[in-house]
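S.K.: Contents of entry38.cif (mmCIF, C-alpha atoms) are below:
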data_upload
loop_
_atom_site.label_atom_id
_atom_site.label_comp_id
_atom_site.auth_asym_id
_atom_site.auth_seq_id
_atom_site.Cartn_x
_atom_site.Cartn_y
_atom_site.Cartn_z
CA MET A 1 -78.68 9.55 8.28
CA THR A 2 -75.48 7.48 8.31
CA LEU A 3 -72.09 8.93 9.15
CA ASP A 4 -70.69 8.41 5.63
CA SER A 5 -73.68 9.94 3.87
CA SER A 6 -73.75 12.95 6.22
CA ILE A 7 -70.07 13.65 5.49
CA ILE A 8 -70.54 13.34 1.72
CA VAL A 9 -73.68 15.52 1.64
CA THR A 10 -72.01 18.14 3.88
CA LEU A 11 -68.93 18.19 1.65
CA ARG A 12 -70.96 18.61 -1.54
CA LEU A 13 -73.18 21.33 -0.06
CA LEU A 14 -70.17 23.12 1.43
CA SER A 15 -68.30 23.04 -1.87
CA PHE A 16 -71.36 24.42 -3.64
CA THR A 17 -71.74 27.20 -1.03
CA LEU A 18 -68.09 28.23 -1.23
CA PHE A 19 -68.29 28.18 -5.01
CA ILE A 20 -71.27 30.60 -4.84
CA GLN A 21 -69.56 32.84 -2.29
CA ALA A 22 -66.36 33.14 -4.36
CA ALA A 23 -68.21 33.60 -7.66
CA GLU A 24 -70.27 36.44 -6.16
CA ILE A 25 -67.13 38.25 -5.00
CA LEU A 26 -65.42 37.63 -8.33
CA ILE A 27 -68.37 39.22 -10.17
CA LEU A 28 -68.40 42.21 -7.80
CA SER A 29 -64.64 42.74 -7.88
CA ARG A 30 -64.86 43.39 -11.62
CA ARG A 31 -67.12 46.41 -11.04
CA ASP A 32 -65.62 49.90 -10.71
CA ASP A 33 -68.00 51.14 -7.99
CA PHE A 34 -67.31 48.11 -5.80
CA ASN A 35 -63.55 48.45 -6.29
CA HIS A 36 -63.68 52.16 -5.53
CA ILE A 37 -65.31 51.55 -2.14
CA TRP A 38 -63.51 48.33 -1.13
CA SER A 39 -60.14 49.43 -2.56
CA PHE A 40 -56.83 48.32 -1.07
CA LYS A 41 -56.08 52.04 -0.55
CA ASN A 42 -59.05 52.31 1.83
CA LEU A 43 -58.30 49.09 3.67
CA ASN A 44 -54.50 49.00 3.81
CA ARG A 45 -54.06 50.92 7.08
CA ASP A 46 -56.05 48.33 9.07
CA LEU A 47 -54.47 45.43 7.21
CA LEU A 48 -50.90 46.67 7.65
CA SER A 49 -51.33 47.43 11.34
CA GLY A 50 -53.42 44.35 12.17
CA LEU A 51 -51.59 41.56 10.36
CA PRO A 52 -48.15 40.14 11.24
CA LEU A 53 -47.14 40.17 7.56
CA LYS A 54 -44.69 42.19 5.48
CA PRO A 55 -46.32 45.05 3.49
CA LYS A 56 -45.52 43.30 0.19
CA LEU A 57 -47.35 40.17 1.30
CA VAL A 58 -50.31 42.21 2.54
CA GLU A 59 -50.54 43.90 -0.86
CA MET A 60 -50.18 40.57 -2.65
CA PHE A 61 -53.10 39.01 -0.74
CA PHE A 62 -55.42 41.99 -0.41
CA SER A 63 -55.04 44.08 -3.59
CA THR A 64 -57.77 43.74 -6.21
CA ASN A 65 -55.56 41.37 -8.23
CA GLY A 66 -54.92 39.35 -5.07
CA LEU A 67 -58.67 39.15 -4.46
CA HIS A 68 -59.24 37.89 -8.02
CA ALA A 69 -56.59 35.19 -7.52
CA ILE A 70 -58.03 34.12 -4.16
CA THR A 71 -61.59 33.85 -5.49
CA LEU A 72 -60.41 31.88 -8.53
CA ILE A 73 -58.46 29.49 -6.28
CA GLN A 74 -61.59 29.09 -4.11
CA ILE A 75 -63.77 28.36 -7.15
CA ALA A 76 -61.34 25.76 -8.54
CA THR A 77 -60.82 24.12 -5.13
CA ALA A 78 -64.57 24.05 -4.40
CA ILE A 79 -65.25 22.24 -7.69
CA SER A 80 -62.44 19.72 -7.15
CA THR A 81 -63.42 19.09 -3.50
CA ALA A 82 -67.03 18.41 -4.46
CA PHE A 83 -65.93 15.46 -6.61
CA THR A 84 -62.75 14.30 -4.87
CA PRO A 85 -62.86 15.28 -1.20
CA HIS A 86 -59.42 15.72 0.36
CA ALA A 87 -58.01 17.43 3.44
CA LEU A 88 -55.76 19.69 1.37
CA GLY A 89 -58.76 21.04 -0.54
CA ILE A 90 -60.65 21.83 2.67
CA THR A 91 -57.53 23.50 4.11
CA VAL A 92 -57.20 25.67 0.99
CA LEU A 93 -60.90 26.61 1.25
CA LEU A 94 -60.42 27.49 4.92
CA LEU A 95 -57.49 29.77 4.00
CA THR A 96 -59.20 31.48 1.05
CA HIS A 97 -62.33 32.05 3.16
CA LEU A 98 -60.18 33.49 5.97
CA LEU A 99 -58.40 35.90 3.58
CA ILE A 100 -61.72 37.07 2.11
CA CYS A 101 -63.17 37.63 5.60
CA ILE A 102 -60.08 39.62 6.66
CA ARG A 103 -60.24 41.77 3.54
CA PHE A 104 -63.89 42.71 4.00
CA ARG A 105 -63.55 43.15 7.79
CA GLY A 106 -66.50 40.84 8.48
CA SER A 107 -68.82 43.07 6.46
CA PHE A 108 -69.78 40.45 3.92
CA ASN A 109 -72.67 38.71 5.71
CA GLY A 110 -70.89 38.37 9.09
CA GLY A 111 -73.02 35.55 10.57
CA SER A 112 -72.87 33.32 7.52
CA ASP A 113 -69.10 33.84 7.33
CA MET A 114 -68.77 32.55 10.89
CA MET A 115 -70.93 29.49 10.18
CA THR A 116 -68.85 28.84 7.05
CA PHE A 117 -65.78 28.59 9.33
CA VAL A 118 -67.63 26.15 11.61
CA VAL A 119 -68.64 23.87 8.73
CA LEU A 120 -65.16 24.05 7.17
CA THR A 121 -63.50 23.21 10.49
CA GLY A 122 -65.91 20.35 11.24
CA THR A 123 -65.48 18.92 7.75
CA LEU A 124 -61.70 19.13 8.05
CA ILE A 125 -61.86 17.26 11.38
CA ALA A 126 -64.14 14.63 9.80
CA ILE A 127 -62.02 14.13 6.71
CA THR A 128 -58.77 13.79 8.64
CA GLY A 129 -60.04 10.79 10.60
CA ALA A 130 -62.25 11.91 13.49
CA GLN A 131 -65.44 11.59 11.42
CA LYS A 132 -67.93 11.44 14.29
CA VAL A 133 -66.26 14.33 16.13
CA GLY A 134 -66.35 16.53 13.02
CA MET A 135 -70.05 15.97 12.42
CA ILE A 136 -70.96 16.43 16.10
CA TYR A 137 -68.86 19.62 16.16
CA ILE A 138 -70.91 21.13 13.28
CA ALA A 139 -74.21 19.92 14.77
CA THR A 140 -73.43 21.39 18.21
CA HIS A 141 -72.60 24.82 16.74
CA ALA A 142 -75.65 24.78 14.46
CA LEU A 143 -78.10 23.71 17.19
CA TYR A 144 -76.65 26.30 19.56
CA SER A 145 -76.85 29.01 16.85
CA TYR A 146 -80.65 28.68 16.74
CA PHE A 147 -80.93 28.70 20.53
CA LYS A 148 -78.51 31.64 20.88
CA ALA A 149 -80.45 33.64 18.29
CA GLY A 150 -83.65 33.01 20.29
CA LEU A 151 -81.94 33.99 23.54
CA ALA A 152 -80.63 37.25 22.04
CA LYS A 153 -84.12 38.12 20.80
CA ALA A 154 -85.90 37.16 24.04
CA LYS A 155 -83.93 39.83 25.95
CA HIS A 156 -85.67 42.58 23.94
CA ARG A 157 -89.27 43.34 24.83
CA GLU A 158 -89.94 44.27 21.16
CA TRP A 159 -89.90 40.56 20.32
CA TRP A 160 -92.62 39.90 22.89
CA ASN A 161 -94.86 42.91 22.18
CA GLY A 162 -94.85 42.59 18.38
CA GLN A 163 -92.73 45.64 17.48
CA ALA A 164 -89.61 43.74 16.36
CA ILE A 165 -90.73 42.11 13.10
CA PRO A 166 -92.27 45.28 11.56
CA ALA A 167 -89.09 47.18 12.58
CA PHE A 168 -86.83 44.56 10.97
CA LEU A 169 -88.93 44.39 7.80
CA SER A 170 -88.81 48.18 7.46
CA ARG A 171 -84.99 47.90 7.35
CA SER A 172 -85.04 45.52 4.37
CA LEU A 173 -83.37 46.65 1.16
CA PHE A 174 -86.56 45.81 -0.73
CA PRO A 175 -89.23 48.56 -0.90
CA ASP A 176 -92.12 46.04 -1.04
CA ILE A 177 -90.91 44.36 2.15
CA GLN A 178 -90.46 47.77 3.84
CA MET A 179 -94.09 48.49 2.96
CA MET A 180 -95.13 45.12 4.35
CA GLY A 181 -93.37 46.05 7.62
CA ALA A 182 -95.28 49.35 7.75
CA GLN A 183 -98.61 47.58 7.12
CA LEU A 184 -97.85 44.93 9.72
CA ARG A 185 -97.75 47.68 12.37
CA ASN A 186 -101.54 47.95 11.91
CA TYR A 187 -102.01 44.27 12.78
CA SER A 188 -100.39 44.06 16.18
CA TRP A 189 -101.85 40.58 16.89
CA LEU A 190 -100.21 39.26 13.71
CA SER A 191 -96.79 40.81 14.34
CA LYS A 192 -96.95 39.63 17.97
CA ALA A 193 -97.82 36.10 16.81
CA ALA A 194 -94.97 36.17 14.26
CA GLY A 195 -92.51 37.32 16.95
CA TRP A 196 -93.65 34.62 19.39
CA LEU A 197 -93.53 31.98 16.65
CA THR A 198 -89.93 32.97 15.81
CA LEU A 199 -88.95 32.71 19.49
CA PHE A 200 -90.74 29.36 19.84
CA PHE A 201 -89.02 28.03 16.70
CA GLU A 202 -85.55 29.06 17.87
CA PHE A 203 -85.93 27.88 21.47
CA SER A 204 -87.59 24.59 20.53
CA ILE A 205 -84.36 23.42 18.85
CA LEU A 206 -83.35 22.09 22.29
CA GLY A 207 -86.47 19.91 22.22
CA LEU A 208 -84.80 17.87 19.47
CA LEU A 209 -82.38 16.53 22.07
CA LEU A 210 -85.38 14.99 23.86
CA PHE A 211 -87.38 14.10 20.75
CA PRO A 212 -84.78 13.42 18.01
CA LYS A 213 -87.41 11.71 15.86
CA LEU A 214 -88.87 15.15 15.13
CA ALA A 215 -85.62 16.24 13.41
CA MET A 216 -87.01 16.00 9.87
CA ILE A 217 -90.06 18.11 10.77
CA TYR A 218 -87.83 20.71 12.41
CA MET A 219 -85.54 20.72 9.37
CA ALA A 220 -88.54 21.40 7.12
CA CYS A 221 -89.52 24.33 9.39
CA ALA A 222 -85.90 25.56 9.36
CA ILE A 223 -85.84 25.53 5.54
CA VAL A 224 -89.08 27.58 5.47
CA PHE A 225 -87.59 29.94 8.10
CA HIS A 226 -84.36 30.51 6.13
CA LEU A 227 -86.28 30.84 2.85
CA SER A 228 -88.47 33.54 4.38
CA ILE A 229 -85.34 35.38 5.59
CA TYR A 230 -83.95 35.15 2.07
CA PHE A 231 -87.24 36.42 0.64
CA CYS A 232 -87.44 39.38 3.05
CA PHE A 233 -83.77 40.38 3.26
CA GLY A 234 -81.99 38.74 0.32
CA LEU A 235 -79.65 36.74 2.56
CA ASN A 236 -78.98 33.80 0.23
CA ARG A 237 -75.67 32.96 1.92
CA PHE A 238 -77.42 32.27 5.23
CA PHE A 239 -79.75 29.82 3.51
CA TRP A 240 -76.99 27.80 1.89
CA ILE A 241 -74.55 27.66 4.79
CA TRP A 242 -77.24 26.70 7.34
CA LEU A 243 -78.45 24.03 4.93
CA CYS A 244 -74.88 22.64 5.02
CA THR A 245 -75.23 22.02 8.76
CA TRP A 246 -78.37 19.87 8.54
CA PRO A 247 -76.76 16.56 7.46
CA SER A 248 -74.55 16.68 10.57
CA ILE A 249 -77.55 17.63 12.77
CA LEU A 250 -79.57 14.71 11.38
CA TYR A 251 -76.65 12.32 11.90
CA SER A 252 -75.91 13.54 15.44
CA LEU A 253 -79.57 13.32 16.45
CA SER A 254 -79.76 9.80 15.01
CA LEU A 255 -77.11 8.83 17.60
CA LEU A 256 -79.59 9.83 20.31
CA ASN A 257 -82.28 7.70 18.66
CA SER A 258 -80.08 4.61 18.78
CA MET B 259 -74.42 73.16 9.57
CA SER B 260 -77.02 75.48 8.17
CA PRO B 261 -80.48 75.18 9.79
CA ASP B 262 -82.09 74.87 6.36
CA THR B 263 -79.83 71.98 5.30
CA ASP B 264 -81.75 69.75 2.92
CA TRP B 265 -81.05 66.27 4.36
CA ARG B 266 -81.83 63.33 2.17
CA GLN B 267 -81.78 59.74 3.32
CA LEU B 268 -79.06 57.61 1.74
CA SER B 269 -80.91 54.76 0.09
CA PHE B 270 -79.65 51.20 -0.23
CA ASP B 271 -82.93 50.02 -1.76
CA GLN B 272 -82.68 47.27 -4.35
CA PRO B 273 -85.19 45.74 -6.77
CA HIS B 274 -86.79 42.62 -5.27
CA LYS B 275 -86.11 39.59 -7.44
CA THR B 276 -86.81 36.26 -5.80
CA SER B 277 -84.94 34.34 -8.49
CA ARG B 278 -81.53 35.19 -6.99
CA MET B 279 -81.48 32.37 -4.51
CA VAL B 280 -78.16 31.02 -5.81
CA PHE B 281 -76.24 34.04 -7.09
CA ASN B 282 -77.11 37.27 -5.35
CA PRO B 283 -73.96 39.41 -5.63
CA PHE B 284 -75.57 42.84 -5.88
CA ILE B 285 -77.79 42.41 -2.82
CA ASN B 286 -74.80 41.11 -0.85
CA ALA B 287 -72.77 44.13 -1.99
CA ALA B 288 -75.59 46.48 -0.93
CA LEU B 289 -75.72 44.76 2.48
CA ALA B 290 -71.94 45.10 2.84
CA ASN B 291 -72.15 48.78 1.88
CA ALA B 292 -74.96 49.39 4.36
CA SER B 293 -72.82 47.79 7.06
CA ILE B 294 -70.12 50.44 6.40
CA VAL B 295 -72.49 53.04 7.89
CA GLU B 296 -73.03 50.87 10.99
CA HIS B 297 -69.26 50.30 11.38
CA PHE B 298 -68.60 54.02 11.09
CA ALA B 299 -71.32 54.80 13.67
CA ARG B 300 -69.63 52.39 16.11
CA ASP B 301 -66.12 53.73 15.36
CA ILE B 302 -67.07 57.40 15.77
CA GLN B 303 -68.80 56.69 19.09
CA GLU B 304 -65.68 54.85 20.30
CA LEU B 305 -63.42 57.67 19.10
CA GLU B 306 -65.55 60.30 20.88
CA LYS B 307 -65.41 58.22 24.06
CA ASP B 308 -61.65 57.59 23.94
CA LYS B 309 -60.64 61.03 22.65
CA PRO B 310 -63.40 63.65 23.16
CA ASP B 311 -61.26 66.38 21.49
CA PHE B 312 -60.27 64.29 18.44
CA ASN B 313 -58.90 66.14 15.42
CA PRO B 314 -59.76 65.69 11.71
CA ALA B 315 -56.70 63.48 11.17
CA ASP B 316 -57.97 60.95 13.75
CA LEU B 317 -61.23 60.77 11.85
CA GLU B 318 -59.59 60.52 8.43
CA ASN B 319 -57.45 57.64 9.69
CA LEU B 320 -60.49 55.52 10.44
CA THR B 321 -60.91 52.83 7.80
CA SER B 322 -64.69 52.98 8.20
CA TYR B 323 -64.52 56.75 7.46
CA LYS B 324 -62.53 56.11 4.27
CA LEU B 325 -64.98 53.42 3.20
CA LEU B 326 -67.93 55.70 3.99
CA CYS B 327 -66.43 58.61 2.00
CA SER B 328 -65.88 56.34 -1.00
CA LEU B 329 -69.43 55.02 -0.68
CA LEU B 330 -70.81 58.58 -0.53
CA HIS B 331 -68.71 59.53 -3.52
CA ILE B 332 -70.27 56.76 -5.59
CA LYS B 333 -73.81 57.47 -4.37
CA LEU B 334 -73.65 61.27 -4.72
CA GLU B 335 -71.91 61.26 -8.06
CA ARG B 336 -74.68 59.03 -9.38
CA GLU B 337 -77.48 61.20 -7.93
CA SER B 338 -76.13 64.71 -8.51
CA PRO B 339 -72.84 64.75 -10.40
CA ASN B 340 -72.57 68.56 -10.46
CA ASN B 341 -72.97 69.12 -6.74
CA GLY B 342 -69.59 70.41 -5.47
CA ASN B 343 -70.00 70.16 -1.69
CA PHE B 344 -71.93 67.97 0.65
CA GLN B 345 -72.45 67.22 4.30
CA PHE B 346 -73.61 64.01 5.93
CA LYS B 347 -74.98 62.98 9.27
CA ILE B 348 -75.49 59.61 10.90
CA VAL B 349 -78.82 59.16 12.67
CA ALA B 350 -79.80 56.16 14.82
CA HIS B 351 -83.52 55.36 14.65
CA GLY B 352 -85.17 53.60 17.59
CA THR B 353 -88.77 52.43 17.64
CA ASP B 354 -89.91 55.79 19.11
CA THR B 355 -86.90 58.13 18.98
CA SER B 356 -84.03 59.22 16.71
CA VAL B 357 -80.56 60.29 17.85
CA ASP B 358 -78.00 62.23 15.78
CA ILE B 359 -74.70 60.36 16.18
CA TYR B 360 -72.40 62.42 13.98
CA THR B 361 -72.63 65.41 11.65
CA SER B 362 -69.75 65.99 9.27
CA GLN B 363 -68.14 69.23 8.15
CA THR B 364 -69.00 70.43 4.66
CA LEU B 365 -66.85 68.31 2.36
CA PRO B 366 -65.90 68.78 -1.28
CA LEU B 367 -67.14 65.86 -3.39
CA ALA B 368 -64.08 66.02 -5.62
CA ASP B 369 -61.75 65.21 -2.69
CA LEU B 370 -63.31 61.85 -1.92
#
For the file at hand, write its structure as structure tokens.
M.R.:
Amino acid sequence: MTLDSSIIVTLRLLSFTLFIQAAEILILSRRDDFNHIWSFKNLNRDLLSGLPLKPKLVEMFFSTNGLHAITLIQIATAISTAFTPHALGITVLLLTHLLICIRFRGSFNGGSDMMTFVVLTGTLIAITGAQKVGMIYIATHALYSYFKAGLAKAKHREWWNGQAIPAFLSRSLFPDIQMMGAQLRNYSWLSKAAGWLTLFFEFSILGLLLFPKLAMIYMACAIVFHLSIYFCFGLNRFFWIWLCTWPSILYSLSLLNS
Amino acid sequence: MSPDTDWRQLSFDQPHKTSRMVFNPFINAALANASIVEHFARDIQELEKDKPDFNPADLENLTSYKLLCSLLHIKLERESPNNGNFQFKIVAHGTDTSVDIYTSQTLPLADL
């Protein structure tokens, strides 16, 4: 993948992802039950004590009306950035994403929020002139995220003895997946194989540095991996934001090929 | 806590629809709500460590406690709108064992 095409594809995918994220919050913030739980009244103590802002500004940004305004700004900016990429648009998206993360205290899909920051930062670096640096920045974080996830799992014996995947599946929000987790306990060889396969997949990302030509095959496996996580746990945001990182991974690995 | 307390598990279960690949707001909201319980479990353990003789005001000042009470209000009102009082406990489940992390006082539903 060329540098220009990786930047354009990343920008379009990122705009699409941020559009989805903002639209989801906009839909939820119009529901009474959601507003009752995530009300400014419940959150204001943390916000007032944790932010170096005047109370009026805190209320302006983090009240329900403030949240509506922020999500609408994010939607409009995401659409405009998809068609006419500019540094100001990316900066606005970075700010709106930051405000949304602060408001929900990292509770709204924590890991995908962090990767959204990485892709936004890398894209901003790329669009302000240091194109190569921006793409390599995203690729480094994304490659390391797979390896780090494998490392975190490998420390727990449950991932080696086959107990982890049934336990995770039983914590899904979907009753059919919970049942699948319970049934998988009866097939220890299968759950052990699935655990080992997950570890192998996440650790083998480093192999791409030695064999960059295998990048497309690994990307196909990564898409299947993220789709299966979406299917089992409903984490659509993880799928989209990790997909955003693949153009920069493909570009960065192509540098090793040449 | 009465020994015959009828504990019921708070459910975050959602219908499984695979067509929500793009827009999935209600699952994401359910995940965010479930994470409130985890945040509260962490906060209460920290509070007990830092201040073993903490008073009700310390607890009520926790943002995760406020979020949890609002979440319980929504859930309980939906399930049993006429039930005046309730009590909750947080239980951590391991692969083989379960540990009670916190058991609340009896609380009036109307106050939440």
S.K.: Using all atoms listed in the file, find the residues of chain B whose closest atom to chain A is at most 7 Å away, then write them as a list in words.
M.R.: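 Every residue meeting the condition is included here: Phe270, Asp271, Gln272, Pro273, His274, Thr276, Met279, Val280, Phe281, Asn282, Pro283, Ile285, Asn286, Ala290, Ser293, Thr321, Lys324, Leu325, Ser328, Leu329 and Ile332 of chain B.
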S.K.: Would you compute the distance between CA of Ile165 in chain A and CA of Arg266 in chain B? Give it in Å to one decimal.
M.R.: 25.5 Å
S.K.: Just to confirm, what's the straight-line distance from CA of Glu335 in chain B to CA of Ile348 in chain B in Å (one decimal)?
M.R.: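 Pair CA of Glu335 in chain B / CA of Ile348 in chain B returns 19.4 Å.
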S.K.: What does the distance between CA of Ala139 in chain A and CA of His97 in chain A come to in Å, to one decimal place?
M.R.: 20.6 Å
S.K.: Given the PyMOL selection byres ((chain B and resi 350-365) around 9) and the file above, list the residues it selects as a ChimeraX atom specification.
M.R.: /A:158,163-164,167 /B:259,299,302-303,342-349,366-370
S.K.: Could you check which of A:Met135, A:Leu57, A:Leu14, A:Leu67 is closest to Arg30 in chain A, using all atoms listed in the file?
M.R.: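 Among the listed residues, the smallest separation from Arg30 in chain A belongs to A:Leu67.
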S.K.: Place N, CA, C and O atoms on range 127-144 of chain A and deliver the coordinates as a compact mmCIF listing (two decimals), in the frame of the given file.
M.R.:
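Once written, out14.txt looks like this:
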# COMPACT_ATOMS: atom_id res chain seq x y z
N ILE A 127 -62.75 14.73 7.84
CA ILE A 127 -62.02 14.13 6.71
C ILE A 127 -60.61 13.67 7.10
O ILE A 127 -60.01 12.84 6.43
N THR A 128 -60.12 14.21 8.22
CA THR A 128 -58.77 13.79 8.64
C THR A 128 -58.82 12.63 9.64
O THR A 128 -57.83 12.31 10.27
N GLY A 129 -60.00 12.02 9.80
CA GLY A 129 -60.04 10.79 10.60
C GLY A 129 -61.10 10.77 11.67
O GLY A 129 -61.78 9.76 11.86
N ALA A 130 -61.27 11.89 12.38
CA ALA A 130 -62.25 11.91 13.49
C ALA A 130 -63.63 12.25 12.92
O ALA A 130 -64.17 13.33 13.16
N GLN A 131 -64.20 11.31 12.16
CA GLN A 131 -65.44 11.59 11.42
C GLN A 131 -66.60 12.00 12.32
O GLN A 131 -67.26 13.00 12.08
N LYS A 132 -66.81 11.19 13.38
CA LYS A 132 -67.93 11.44 14.29
C LYS A 132 -67.76 12.81 14.96
O LYS A 132 -68.71 13.60 15.05
N VAL A 133 -66.54 13.07 15.42
CA VAL A 133 -66.26 14.33 16.13
C VAL A 133 -66.56 15.52 15.23
O VAL A 133 -67.20 16.50 15.64
N GLY A 134 -66.13 15.43 13.97
CA GLY A 134 -66.35 16.53 13.02
C GLY A 134 -67.82 16.83 12.82
O GLY A 134 -68.24 17.99 12.83
N MET A 135 -68.61 15.77 12.66
CA MET A 135 -70.05 15.97 12.42
C MET A 135 -70.74 16.49 13.68
O MET A 135 -71.59 17.38 13.61
N ILE A 136 -70.34 15.96 14.84
CA ILE A 136 -70.96 16.43 16.10
C ILE A 136 -70.56 17.89 16.36
O ILE A 136 -71.35 18.68 16.87
N TYR A 137 -69.34 18.23 15.99
CA TYR A 137 -68.86 19.62 16.16
C TYR A 137 -69.76 20.59 15.37
O TYR A 137 -70.21 21.61 15.90
N ILE A 138 -70.05 20.26 14.10
CA ILE A 138 -70.91 21.13 13.28
C ILE A 138 -72.32 21.16 13.89
O ILE A 138 -72.91 22.25 14.04
N ALA A 139 -72.83 19.99 14.25
CA ALA A 139 -74.21 19.92 14.77
C ALA A 139 -74.35 20.74 16.05
O ALA A 139 -75.34 21.47 16.22
N THR A 140 -73.35 20.65 16.93
CA THR A 140 -73.43 21.39 18.21
C THR A 140 -73.50 22.89 17.94
O THR A 140 -74.32 23.61 18.51
N HIS A 141 -72.61 23.37 17.06
CA HIS A 141 -72.60 24.82 16.74
C HIS A 141 -73.92 25.24 16.10
O HIS A 141 -74.46 26.29 16.42
N ALA A 142 -74.43 24.40 15.18
CA ALA A 142 -75.65 24.78 14.46
C ALA A 142 -76.85 24.81 15.41
O ALA A 142 -77.63 25.76 15.41
N LEU A 143 -76.97 23.75 16.24
CA LEU A 143 -78.10 23.71 17.19
C LEU A 143 -78.03 24.91 18.14
O LEU A 143 -79.02 25.58 18.40
N TYR A 144 -76.81 25.18 18.62
CA TYR A 144 -76.65 26.30 19.56
C TYR A 144 -76.94 27.64 18.87
O TYR A 144 -77.43 28.58 19.50
